[in-house]
file my_file.txt (compact mmCIF, C-alpha atoms)
# COMPACT_ATOMS: atom_id res chain seq x y z
CA MET S 696 -20.36 -37.15 -13.93
CA PRO S 697 -23.87 -35.98 -14.82
CA VAL S 698 -24.58 -34.60 -18.29
CA ILE S 699 -24.17 -30.82 -18.06
CA THR S 700 -26.46 -28.92 -20.43
CA THR S 701 -27.32 -25.72 -18.56
CA VAL S 702 -25.83 -23.24 -16.11
CA GLU S 703 -28.40 -24.55 -13.62
CA ASP S 704 -26.76 -27.99 -13.85
CA LEU S 705 -23.47 -26.37 -12.88
CA ARG S 706 -25.15 -24.57 -9.97
CA VAL S 707 -26.52 -27.82 -8.57
CA LEU S 708 -23.12 -29.48 -8.82
CA ALA S 709 -21.35 -26.50 -7.25
CA GLN S 710 -23.77 -26.54 -4.32
CA LYS S 711 -22.77 -30.15 -3.67
CA ARG S 712 -19.03 -29.56 -3.92
CA VAL S 713 -18.40 -26.13 -2.35
CA PRO S 714 -18.59 -25.59 1.45
CA ARG S 715 -21.89 -24.00 2.40
CA MET S 716 -20.43 -20.73 3.73
CA PHE S 717 -18.65 -20.05 0.43
CA TYR S 718 -21.45 -21.29 -1.82
CA ASP S 719 -23.95 -19.12 0.09
CA TYR S 720 -21.60 -16.14 -0.17
CA ALA S 721 -21.80 -16.39 -3.97
CA ASP S 722 -25.44 -17.38 -4.27
CA SER S 723 -27.20 -14.82 -2.10
CA GLY S 724 -28.47 -11.26 -2.00
CA SER S 725 -29.10 -8.66 0.66
CA TRP S 726 -32.10 -8.61 3.02
CA THR S 727 -35.13 -10.29 1.37
CA GLU S 728 -33.13 -11.03 -1.83
CA SER S 729 -35.92 -9.55 -3.95
CA THR S 730 -33.53 -7.69 -6.27
CA TYR S 731 -31.27 -10.73 -6.50
CA ARG S 732 -34.24 -12.78 -7.74
CA ALA S 733 -35.59 -10.02 -10.00
CA ASN S 734 -32.29 -9.78 -11.85
CA SER S 735 -32.82 -13.22 -13.38
CA ASP S 736 -36.63 -13.44 -13.23
CA ASP S 737 -37.19 -10.26 -15.25
CA PHE S 738 -35.41 -11.76 -18.25
CA GLN S 739 -38.08 -14.45 -18.47
CA SER S 740 -40.92 -12.06 -19.29
CA ILE S 741 -39.06 -10.76 -22.37
CA LYS S 742 -40.18 -12.77 -25.40
CA LEU S 743 -38.40 -13.33 -28.70
CA ARG S 744 -39.71 -13.21 -32.27
CA GLN S 745 -39.02 -16.46 -34.11
CA ARG S 746 -38.18 -16.06 -37.81
CA VAL S 747 -38.04 -18.78 -40.49
CA ALA S 748 -36.75 -19.33 -44.03
CA VAL S 749 -33.68 -17.15 -43.51
CA ASN S 750 -30.12 -18.22 -44.26
CA MET S 751 -28.61 -19.33 -40.93
CA GLU S 752 -25.13 -20.13 -42.24
CA ASN S 753 -21.89 -18.47 -41.13
CA ARG S 754 -23.08 -17.34 -37.71
CA SER S 755 -20.82 -15.03 -35.69
CA THR S 756 -21.06 -13.80 -32.10
CA ALA S 757 -17.76 -11.90 -32.29
CA THR S 758 -17.86 -8.22 -31.37
CA THR S 759 -15.96 -5.70 -29.23
CA MET S 760 -16.11 -4.39 -25.67
CA ILE S 761 -14.31 -1.05 -25.10
CA GLY S 762 -12.58 -1.64 -28.43
CA GLN S 763 -11.26 -5.07 -27.45
CA LYS S 764 -12.19 -8.01 -29.66
CA VAL S 765 -14.27 -10.64 -27.85
CA ALA S 766 -15.63 -14.02 -28.97
CA MET S 767 -19.07 -13.00 -27.69
CA PRO S 768 -20.42 -9.95 -25.81
CA VAL S 769 -19.66 -11.52 -22.44
CA ALA S 770 -16.98 -10.80 -19.83
CA ILE S 771 -16.34 -12.62 -16.55
CA ALA S 772 -17.43 -10.28 -13.77
CA PRO S 773 -15.25 -9.44 -10.76
CA THR S 774 -16.22 -11.64 -7.81
CA GLY S 775 -14.73 -11.58 -4.33
CA LEU S 776 -13.44 -14.74 -2.62
CA THR S 777 -13.34 -16.56 -5.97
CA GLY S 778 -10.39 -18.63 -4.81
CA MET S 779 -12.58 -20.08 -2.05
CA GLN S 780 -15.05 -21.56 -4.53
CA HIS S 781 -12.20 -23.64 -5.94
CA ALA S 782 -8.46 -23.68 -5.26
CA ASP S 783 -6.69 -20.98 -7.30
CA GLY S 784 -10.10 -19.97 -8.60
CA GLU S 785 -9.12 -16.63 -10.11
CA ILE S 786 -6.27 -18.23 -12.03
CA LYS S 787 -8.55 -21.00 -13.31
CA GLY S 788 -11.14 -18.43 -14.41
CA ALA S 789 -8.57 -16.24 -16.16
CA GLN S 790 -7.08 -19.22 -17.98
CA ALA S 791 -10.51 -20.34 -19.22
CA ALA S 792 -11.38 -16.81 -20.34
CA LYS S 793 -8.08 -16.45 -22.21
CA LYS S 794 -8.66 -19.67 -24.14
CA PHE S 795 -12.27 -18.79 -24.95
CA GLY S 796 -11.55 -15.23 -26.01
CA VAL S 797 -13.52 -13.20 -23.47
CA PRO S 798 -12.31 -10.70 -20.83
CA PHE S 799 -11.63 -11.81 -17.27
CA THR S 800 -12.04 -9.25 -14.47
CA LEU S 801 -10.08 -9.75 -11.26
CA SER S 802 -11.59 -8.40 -8.03
CA THR S 803 -9.68 -6.32 -5.51
CA MET S 804 -10.95 -8.86 -2.95
CA SER S 805 -9.56 -11.86 -4.79
CA ILE S 806 -7.66 -14.72 -3.21
CA CYS S 807 -5.08 -14.92 -6.00
CA SER S 808 -3.15 -11.69 -6.47
CA ILE S 809 -2.83 -9.53 -9.58
CA GLU S 810 0.69 -10.87 -9.99
CA ASP S 811 -0.47 -14.50 -9.60
CA VAL S 812 -3.00 -14.14 -12.42
CA ALA S 813 -0.57 -12.33 -14.70
CA LYS S 814 2.13 -14.97 -14.22
CA GLU S 815 -0.15 -17.97 -14.68
CA THR S 816 -1.74 -16.56 -17.86
CA GLY S 817 1.55 -15.64 -19.53
CA ASN S 818 0.95 -11.93 -18.91
CA HIS S 819 -2.19 -12.08 -21.06
CA PRO S 820 -4.24 -8.85 -20.69
CA PHE S 821 -7.08 -8.99 -18.18
CA TRP S 822 -9.24 -6.39 -16.46
CA PHE S 823 -8.87 -5.32 -12.84
CA GLN S 824 -11.73 -4.19 -10.60
CA LEU S 825 -10.98 -1.54 -8.01
CA TYR S 826 -12.71 -0.80 -4.72
CA VAL S 827 -11.95 2.65 -3.35
CA MET S 828 -10.38 2.45 0.11
CA LYS S 829 -9.62 5.28 2.51
CA ASP S 830 -5.95 4.36 2.27
CA ARG S 831 -5.20 6.32 -0.92
CA ASP S 832 -1.54 5.29 -0.91
CA PHE S 833 -2.64 1.65 -1.11
CA ILE S 834 -5.02 2.49 -3.97
CA GLU S 835 -2.26 4.21 -5.90
CA ARG S 836 0.04 1.24 -5.49
CA LEU S 837 -2.77 -1.14 -6.45
CA ILE S 838 -3.39 0.82 -9.68
CA ASP S 839 0.34 0.75 -10.41
CA ARG S 840 0.43 -3.02 -9.83
CA ALA S 841 -2.46 -3.47 -12.28
CA LYS S 842 -0.55 -1.45 -14.89
CA ALA S 843 2.57 -3.55 -14.34
CA ALA S 844 0.53 -6.75 -14.75
CA ASN S 845 -0.64 -5.65 -18.24
CA CYS S 846 -4.26 -5.08 -17.21
CA SER S 847 -6.03 -3.55 -20.21
CA ALA S 848 -8.96 -1.95 -18.35
CA LEU S 849 -9.80 -0.75 -14.86
CA VAL S 850 -13.32 -1.49 -13.61
CA LEU S 851 -14.14 0.97 -10.84
CA THR S 852 -16.95 -0.20 -8.57
CA LEU S 853 -19.08 2.69 -7.28
CA ASP S 854 -21.86 0.88 -5.41
CA LEU S 855 -19.97 -0.57 -2.44
CA GLN S 856 -19.22 2.49 -0.31
CA ILE S 857 -21.02 0.70 2.51
CA LEU S 858 -21.96 -2.97 2.75
CA GLY S 859 -25.48 -4.29 2.30
CA GLN S 860 -26.43 -6.92 4.88
CA ARG S 861 -26.50 -10.49 3.62
CA HIS S 862 -28.23 -12.67 6.17
CA LYS S 863 -26.69 -15.96 5.01
CA ASP S 864 -23.15 -14.70 5.57
CA LEU S 865 -23.98 -13.69 9.15
CA LYS S 866 -25.65 -17.01 9.89
CA ASN S 867 -22.77 -18.97 8.35
CA GLY S 868 -20.15 -17.02 10.28
CA LEU S 869 -18.41 -15.89 7.10
CA SER S 870 -15.55 -13.60 8.08
CA ALA S 871 -11.80 -13.25 7.60
CA PRO S 872 -10.80 -15.79 8.76
CA PRO S 873 -14.05 -17.86 8.70
CA LYS S 874 -15.54 -18.83 12.05
CA LEU S 875 -14.90 -22.53 12.52
CA THR S 876 -18.11 -23.48 14.30
CA VAL S 877 -18.99 -27.14 14.77
CA THR S 878 -21.54 -26.86 11.96
CA ASN S 879 -18.98 -25.35 9.58
CA ILE S 880 -16.33 -27.93 10.46
CA ILE S 881 -18.74 -30.79 9.81
CA ASN S 882 -19.77 -29.26 6.48
CA LEU S 883 -16.14 -28.70 5.43
CA MET S 884 -15.35 -32.35 6.18
CA THR S 885 -17.95 -33.47 3.65
CA LYS S 886 -16.33 -31.47 0.81
CA VAL S 887 -13.37 -33.78 0.16
CA ARG S 888 -12.73 -32.69 -3.42
CA TRP S 889 -12.68 -29.02 -2.39
CA GLY S 890 -10.48 -29.73 0.62
CA LEU S 891 -7.86 -31.63 -1.38
CA GLY S 892 -7.68 -28.72 -3.80
CA MET S 893 -7.12 -26.26 -0.97
CA LEU S 894 -4.38 -28.44 0.51
CA GLY S 895 -2.61 -28.26 -2.84
CA THR S 896 -2.38 -24.47 -2.99
CA LYS S 897 -0.65 -21.83 -0.89
CA ARG S 898 -3.24 -19.18 -1.83
CA HIS S 899 -5.75 -18.86 1.02
CA GLY S 900 -5.73 -15.13 1.87
CA PHE S 901 -6.60 -11.93 0.02
CA GLY S 902 -3.57 -11.80 -2.25
CA ASN S 903 -3.97 -8.18 -3.34
CA ILE S 904 -3.98 -6.92 0.24
CA VAL S 905 -2.13 -9.19 2.67
CA GLY S 906 1.54 -8.19 2.66
CA HIS S 907 0.83 -5.03 0.67
CA VAL S 908 -0.57 -2.93 3.53
CA LYS S 909 1.41 -1.98 6.62
CA GLY S 910 0.17 -3.98 9.59
CA VAL S 911 -1.86 -6.43 7.50
CA GLU S 912 0.19 -9.61 7.48
CA ASN S 913 -2.51 -12.24 8.01
CA MET S 914 -6.25 -12.89 7.72
CA GLY S 915 -6.93 -11.76 11.28
CA SER S 916 -5.44 -8.28 10.82
CA LEU S 917 -7.04 -8.07 7.37
CA SER S 918 -10.55 -8.30 8.81
CA GLU S 919 -9.99 -5.30 11.07
CA TRP S 920 -8.42 -3.29 8.22
CA THR S 921 -11.16 -3.92 5.63
CA ALA S 922 -13.93 -3.10 8.13
CA LYS S 923 -12.54 0.42 8.34
CA GLN S 924 -11.39 0.92 4.74
CA PHE S 925 -14.40 1.01 2.39
CA ASP S 926 -14.89 4.72 1.77
CA PRO S 927 -18.44 6.07 2.31
CA ALA S 928 -17.24 9.50 1.15
CA LEU S 929 -16.49 8.30 -2.42
CA ASN S 930 -17.52 10.96 -4.95
CA TRP S 931 -17.11 11.95 -8.60
CA GLY S 932 -13.96 13.87 -7.74
CA ASP S 933 -12.38 10.58 -6.69
CA VAL S 934 -13.43 9.06 -10.03
CA GLU S 935 -11.60 11.86 -11.83
CA TRP S 936 -8.48 11.33 -9.69
CA ILE S 937 -8.50 7.57 -10.34
CA ALA S 938 -9.01 8.08 -14.08
CA LYS S 939 -5.93 10.32 -14.22
CA ARG S 940 -3.84 7.95 -12.11
CA TRP S 941 -4.85 4.97 -14.26
CA GLY S 942 -4.57 6.65 -17.65
CA GLY S 943 -6.12 3.74 -19.56
CA LYS S 944 -9.53 2.30 -20.38
CA LEU S 945 -11.93 2.98 -17.48
CA ILE S 946 -15.26 1.24 -16.85
CA LEU S 947 -17.64 2.43 -14.09
CA LYS S 948 -19.60 -0.38 -12.43
CA GLY S 949 -22.79 0.05 -10.40
CA ILE S 950 -24.84 2.54 -12.44
CA GLN S 951 -28.62 2.08 -12.06
CA ASP S 952 -29.97 5.61 -12.36
CA VAL S 953 -30.19 7.86 -15.43
CA GLU S 954 -28.81 10.84 -13.51
CA ASP S 955 -25.76 8.83 -12.43
CA ALA S 956 -25.35 7.60 -16.00
CA ARG S 957 -25.12 11.20 -17.22
CA LEU S 958 -22.47 11.91 -14.59
CA ALA S 959 -20.60 8.82 -15.79
CA VAL S 960 -20.51 10.31 -19.29
CA GLU S 961 -19.17 13.61 -17.90
CA SER S 962 -16.44 11.72 -16.03
CA GLY S 963 -14.87 10.72 -19.33
CA ALA S 964 -15.06 6.98 -18.63
CA ASP S 965 -15.02 4.62 -21.61
CA ALA S 966 -17.98 2.52 -20.46
CA LEU S 967 -20.47 2.07 -17.66
CA ILE S 968 -22.01 -1.12 -16.32
CA VAL S 969 -25.70 -1.10 -15.46
CA SER S 970 -25.51 -3.14 -12.25
CA ASN S 971 -27.03 -3.42 -8.78
CA HIS S 972 -24.13 -5.53 -7.50
CA GLY S 973 -26.02 -8.74 -8.15
CA GLY S 974 -28.75 -7.74 -5.71
CA ARG S 975 -26.20 -7.75 -2.89
CA GLN S 976 -26.50 -4.07 -1.92
CA LEU S 977 -29.84 -2.21 -2.12
CA ASP S 978 -32.64 -4.75 -1.81
CA GLY S 979 -35.77 -3.48 -3.54
CA ALA S 980 -33.81 -1.83 -6.34
CA GLN S 981 -34.83 -2.25 -9.97
CA SER S 982 -33.39 -5.22 -11.82
CA SER S 983 -30.52 -4.44 -14.15
CA ILE S 984 -32.38 -5.50 -17.31
CA GLN S 985 -35.31 -3.25 -16.35
CA ALA S 986 -32.96 -0.31 -15.72
CA LEU S 987 -31.02 -0.79 -18.96
CA PRO S 988 -33.32 0.77 -21.63
CA ALA S 989 -33.73 4.16 -19.93
CA ILE S 990 -29.98 4.45 -19.46
CA ILE S 991 -29.36 3.49 -23.10
CA ASP S 992 -31.87 6.13 -24.24
CA ALA S 993 -30.28 8.79 -22.05
CA VAL S 994 -26.56 8.22 -22.68
CA GLY S 995 -26.08 5.39 -25.17
CA LYS S 996 -24.45 7.65 -27.75
CA GLY S 997 -22.12 9.28 -25.25
CA ILE S 998 -20.63 6.20 -23.59
CA GLU S 999 -20.48 2.45 -24.15
CA VAL S 1000 -23.11 0.75 -21.99
CA HIS S 1001 -22.66 -2.73 -20.53
CA MET S 1002 -24.99 -4.73 -18.28
CA ASP S 1003 -24.48 -7.05 -15.31
CA GLY S 1004 -26.96 -9.02 -13.21
CA GLY S 1005 -29.05 -12.14 -13.70
CA ILE S 1006 -27.33 -13.54 -16.81
CA ARG S 1007 -27.82 -17.30 -16.72
CA SER S 1008 -28.05 -18.16 -20.42
CA GLY S 1009 -27.15 -17.12 -23.92
CA GLN S 1010 -30.74 -16.01 -24.39
CA ASP S 1011 -30.26 -13.51 -21.55
CA VAL S 1012 -27.16 -12.19 -23.30
CA LEU S 1013 -29.09 -11.81 -26.55
CA LYS S 1014 -31.95 -9.96 -24.85
CA ALA S 1015 -29.55 -7.53 -23.18
CA ARG S 1016 -27.81 -6.98 -26.49
CA ALA S 1017 -31.17 -6.37 -28.21
CA LEU S 1018 -31.94 -3.68 -25.62
CA GLY S 1019 -28.68 -1.91 -26.38
CA ALA S 1020 -25.98 -3.36 -24.14
CA GLN S 1021 -22.67 -3.60 -25.97
CA GLY S 1022 -21.50 -6.21 -23.48
CA THR S 1023 -22.69 -8.31 -20.54
CA TYR S 1024 -21.04 -9.87 -17.49
CA ILE S 1025 -21.41 -13.25 -15.81
CA GLY S 1026 -20.65 -13.53 -12.10
CA ARG S 1027 -22.69 -16.31 -10.57
CA ALA S 1028 -22.78 -18.37 -13.79
CA PHE S 1029 -18.98 -18.23 -13.75
CA LEU S 1030 -18.79 -19.18 -10.07
CA TYR S 1031 -21.18 -22.11 -10.52
CA GLY S 1032 -18.92 -23.51 -13.23
CA LEU S 1033 -15.79 -22.91 -11.16
CA GLY S 1034 -17.23 -24.48 -8.02
CA ALA S 1035 -18.54 -27.44 -9.97
CA MET S 1036 -15.46 -28.37 -12.00
CA GLY S 1037 -12.71 -25.76 -11.77
CA GLU S 1038 -11.34 -24.44 -15.06
CA GLU S 1039 -13.23 -27.11 -16.98
CA GLY S 1040 -16.47 -25.90 -15.39
CA VAL S 1041 -15.78 -22.26 -16.32
CA THR S 1042 -15.16 -23.35 -19.90
CA LYS S 1043 -18.38 -25.35 -19.81
CA ALA S 1044 -20.36 -22.33 -18.61
CA LEU S 1045 -18.92 -20.22 -21.43
CA GLU S 1046 -19.65 -22.95 -23.98
CA ILE S 1047 -23.26 -23.29 -22.80
CA ILE S 1048 -23.88 -19.55 -22.96
CA HIS S 1049 -22.20 -19.25 -26.36
CA LYS S 1050 -24.19 -22.08 -27.91
CA GLU S 1051 -27.48 -20.73 -26.56
CA LEU S 1052 -26.58 -17.25 -27.81
CA GLU S 1053 -25.61 -18.42 -31.30
CA LEU S 1054 -28.62 -20.68 -31.85
CA THR S 1055 -31.18 -18.24 -30.43
CA MET S 1056 -29.75 -15.45 -32.57
CA ALA S 1057 -30.26 -17.61 -35.66
CA PHE S 1058 -33.81 -18.56 -34.66
CA CYS S 1059 -34.52 -14.81 -34.46
CA GLY S 1060 -33.32 -14.31 -38.03
CA HIS S 1061 -29.77 -13.00 -37.46
CA THR S 1062 -26.37 -14.49 -38.17
CA ASN S 1063 -24.22 -11.66 -36.79
CA ILE S 1064 -24.46 -10.37 -33.23
CA ASN S 1065 -23.69 -6.84 -34.45
CA THR S 1066 -26.99 -6.62 -36.37
CA VAL S 1067 -29.15 -7.58 -33.39
CA ASP S 1068 -31.49 -4.90 -32.04
CA LYS S 1069 -34.86 -4.71 -30.25
CA SER S 1070 -36.66 -5.78 -33.44
CA ILE S 1071 -35.98 -9.39 -32.37
CA LEU S 1072 -38.13 -8.85 -29.25
CA LEU S 1073 -41.90 -9.25 -29.10
CA PRO S 1074 -43.47 -5.76 -28.62
CA GLY S 1075 -45.08 -5.28 -25.24
CA THR S 1076 -42.88 -7.86 -23.48
CA TYR S 1077 -39.72 -5.85 -22.92
CA PRO S 1078 -38.97 -2.80 -20.73
CA THR S 1079 -38.87 0.61 -22.42
call {"tool": "encode", "arguments": {"input": "my_file.txt", "output": "structure tokens"}}
result
Amino acid sequence: MPVITTVEDLRVLAQKRVPRMFYDYADSGSWTESTYRANSDDFQSIKLRQRVAVNMENRSTATTMIGQKVAMPVAIAPTGLTGMQHADGEIKGAQAAKKFGVPFTLSTMSICSIEDVAKETGNHPFWFQLYVMKDRDFIERLIDRAKAANCSALVLTLDLQILGQRHKDLKNGLSAPPKLTVTNIINLMTKVRWGLGMLGTKRHGFGNIVGHVKGVENMGSLSEWTAKQFDPALNWGDVEWIAKRWGGKLILKGIQDVEDARLAVESGADALIVSNHGGRQLDGAQSSIQALPAIIDAVGKGIEVHMDGGIRSGQDVLKARALGAQGTYIGRAFLYGLGAMGEEGVTKALEIIHKELELTMAFCGHTNINTVDKSILLPGTYPT
């Protein structure tokens, strides 16, 4: 086992261990992938102010997200097909998050079901991410299932009414079920560790959907159903309807524009996530960290603002926090850890990010994450 010191180390290991079609699904963006790259690259131009001769004892990264206590301002983002990065991937991620003290968000398009995750985590509260489908009866039942599973927040994704094209998925034949081309079969045969894990689990389909929708009893019928179900007519009226049906903490994911942020405030949601879907939808869009300050300035006092996209280190978390984000989300960093080493790898990713966050915060002259603001950033290097 190599010495793991960074999220990049986990990425390299995951690329070796996860079948190419599933690794590429996680580690890709739409079209030219320019927004996907900008999400992480734009953090690098933001510089920090180093301070000295300050008391660095008793450091704390503990804070809250939507009123929930968290060990650091980081939540695990909802990611589709997580259970194909590693057997029972959503369960492994939720278990690691529970032990570490950060929120775990389960995707509608997960392999493990809402009920699976609830059972295997002892009914520990987690967040559930909702895609809006045309089948409103299914959506209502899905919301009710999330309530029954003790989900403490609903994360409503607004930026996937239609699908952005991801070239790697088309070239790899990623579908439901995956196309077993000769190239894919040969690649799968080289991933022995992954294959043994998959043989040891019964969870191979979309657990939140298969068996819960009339006529969708297997992966083949699922593909036809999902192709027709994402709702391009989604609007703010639907957000209001979902908020009333849910009745609990509501987070709106996919806000990149100030005007949309103001509408998010008017919707009555508890938080919004500045996010471009990891660069997987509109290629050429602004990076999330670049979009964050204007949204904070416009609505930061009216709604809790979170940020998602490009987080690969604790320094990235600190920079987002300095620019006003109450919380951040890790998607790919989480998947790299999961693909590399299962639950142990997710824990490792969280540990790496936490240690980088805590030490960098101290180097910048702070011992409590709740006192951090843009004064830790070098003027002229950060977006305004």
call {"tool": "residues_around", "arguments": {"input": "my_file.txt", "residues": "S:Ile1025", "least_positions_apart": "4", "cutoff": "9 Å", "atoms": "all atoms listed in the file", "output": "list in words"}}
result
Val769, Ala770, Ile771, Ala772, Pro773, Asp1003, Gly1004, Gly1005, Ile1006, Arg1007, Phe1029 and Leu1030 of chain S
call {"tool": "closest_residue", "arguments": {"input": "my_file.txt", "among": "S:Gln780, S:Thr700, S:Ser1008, S:Asn753", "to": "S:Glu1051", "atoms": "only C-alpha atoms"}}
result
S:Ser1008
call {"tool": "residues_around", "arguments": {"input": "my_file.txt", "residues": "stretch 898-901 of chain S", "least_positions_apart": "6", "cutoff": "8 Å", "atoms": "all atoms listed in the file", "output": "MDAnalysis selection string"}}
result
chainID S and resid 776 778:779 782:783 804:808 913:914
call {"tool": "atom_distance", "arguments": {"input": "my_file.txt", "atom1": "atom CA of S:Gln710", "atom2": "atom CA of S:Thr816"}}
result
27.7 Å
call {"tool": "closest_residue", "arguments": {"input": "my_file.txt", "among": "S:Leu1045, S:Gly949, S:Ile857, S:Glu728", "to": "S:Leu1033", "atoms": "only C-alpha atoms"}}
result
S:Leu1045
call {"tool": "residues_around", "arguments": {"input": "my_file.txt", "residues": "stretch 959-968 of chain S", "least_positions_apart": "4", "cutoff": "8 Å", "atoms": "only C-alpha atoms", "output": "mmCIF file with C-alpha atoms, in the coordinates of the input"}}
result
data_model
loop_
_atom_site.group_PDB
_atom_site.id
_atom_site.type_symbol
_atom_site.label_atom_id
_atom_site.label_comp_id
_atom_site.auth_asym_id
_atom_site.auth_seq_id
_atom_site.Cartn_x
_atom_site.Cartn_y
_atom_site.Cartn_z
ATOM 1 C CA ILE S 761 -14.310 -1.050 -25.100
ATOM 2 C CA TRP S 931 -17.110 11.950 -8.600
ATOM 3 C CA VAL S 934 -13.430 9.060 -10.030
ATOM 4 C CA GLU S 935 -11.600 11.860 -11.830
ATOM 5 C CA ALA S 938 -9.010 8.080 -14.080
ATOM 6 C CA LYS S 944 -9.530 2.300 -20.380
ATOM 7 C CA LEU S 945 -11.930 2.980 -17.480
ATOM 8 C CA ILE S 946 -15.260 1.240 -16.850
ATOM 9 C CA LEU S 947 -17.640 2.430 -14.090
ATOM 10 C CA LYS S 948 -19.600 -0.380 -12.430
ATOM 11 C CA GLY S 949 -22.790 0.050 -10.400
ATOM 12 C CA ILE S 950 -24.840 2.540 -12.440
ATOM 13 C CA ASP S 955 -25.760 8.830 -12.430
ATOM 14 C CA VAL S 994 -26.560 8.220 -22.680
ATOM 15 C CA GLY S 997 -22.120 9.280 -25.250
ATOM 16 C CA ILE S 998 -20.630 6.200 -23.590
ATOM 17 C CA GLU S 999 -20.480 2.450 -24.150
ATOM 18 C CA VAL S 1000 -23.110 0.750 -21.990
ATOM 19 C CA HIS S 1001 -22.660 -2.730 -20.530
ATOM 20 C CA MET S 1002 -24.990 -4.730 -18.280
ATOM 21 C CA ASP S 1003 -24.480 -7.050 -15.310
#
call {"tool": "closest_residue", "arguments": {"input": "my_file.txt", "among": "S:Asn867, S:Asn971, S:Phe799, S:Leu883", "to": "S:Leu849", "atoms": "all atoms listed in the file"}}
result
S:Phe799
call {"tool": "residues_near_point", "arguments": {"input": "my_file.txt", "point": "(-17.6, -23.7, -16.8)", "cutoff": "6 Å", "atoms": "only C-alpha atoms", "output": "PyMOL selection string"}}
result
chain S and resi 1032-1033+1039-1045
call {"tool": "closest_residue", "arguments": {"input": "my_file.txt", "among": "S:Ser725, S:Asn845, S:Gln976, S:Asn903", "to": "S:Glu785", "atoms": "only C-alpha atoms"}}
result
S:Asn903
call {"tool": "closest_residue", "arguments": {"input": "my_file.txt", "among": "S:Val747, S:Ile741, S:Met1036, S:Val812", "to": "S:Tyr1077", "atoms": "only C-alpha atoms"}}
result
S:Ile741
call {"tool": "closest_residue", "arguments": {"input": "my_file.txt", "among": "S:Lys842, S:Arg975, S:Lys923, S:His781", "to": "S:Met893", "atoms": "only C-alpha atoms"}}
result
S:His781
call {"tool": "axis_aligned_box", "arguments": {"input": "my_file.txt", "around": "stretch 994-1002 of chain S", "padding_each_side": "3 Å", "output": "JSON"}}
result
{"center_x": -23.5, "center_y": 2.3, "center_z": -23.0, "size_x": 12.1, "size_y": 20.0, "size_z": 15.5}
call {"tool": "residues_around", "arguments": {"input": "my_file.txt", "residues": "S:Leu825", "least_positions_apart": "3", "cutoff": "8 Å", "atoms": "all atoms listed in the file", "output": "PDB file with C-alpha atoms, keeping the file's coordinate frame"}}
result
ATOM      1  CA  SER S 802     -11.590  -8.400  -8.030  1.00  0.00           C
ATOM      2  CA  THR S 803      -9.680  -6.320  -5.510  1.00  0.00           C
ATOM      3  CA  LEU S 849      -9.800  -0.750 -14.860  1.00  0.00           C
ATOM      4  CA  VAL S 850     -13.320  -1.490 -13.610  1.00  0.00           C
ATOM      5  CA  LEU S 851     -14.140   0.970 -10.840  1.00  0.00           C
ATOM      6  CA  THR S 852     -16.950  -0.200  -8.570  1.00  0.00           C
TER       7      THR S 852
END
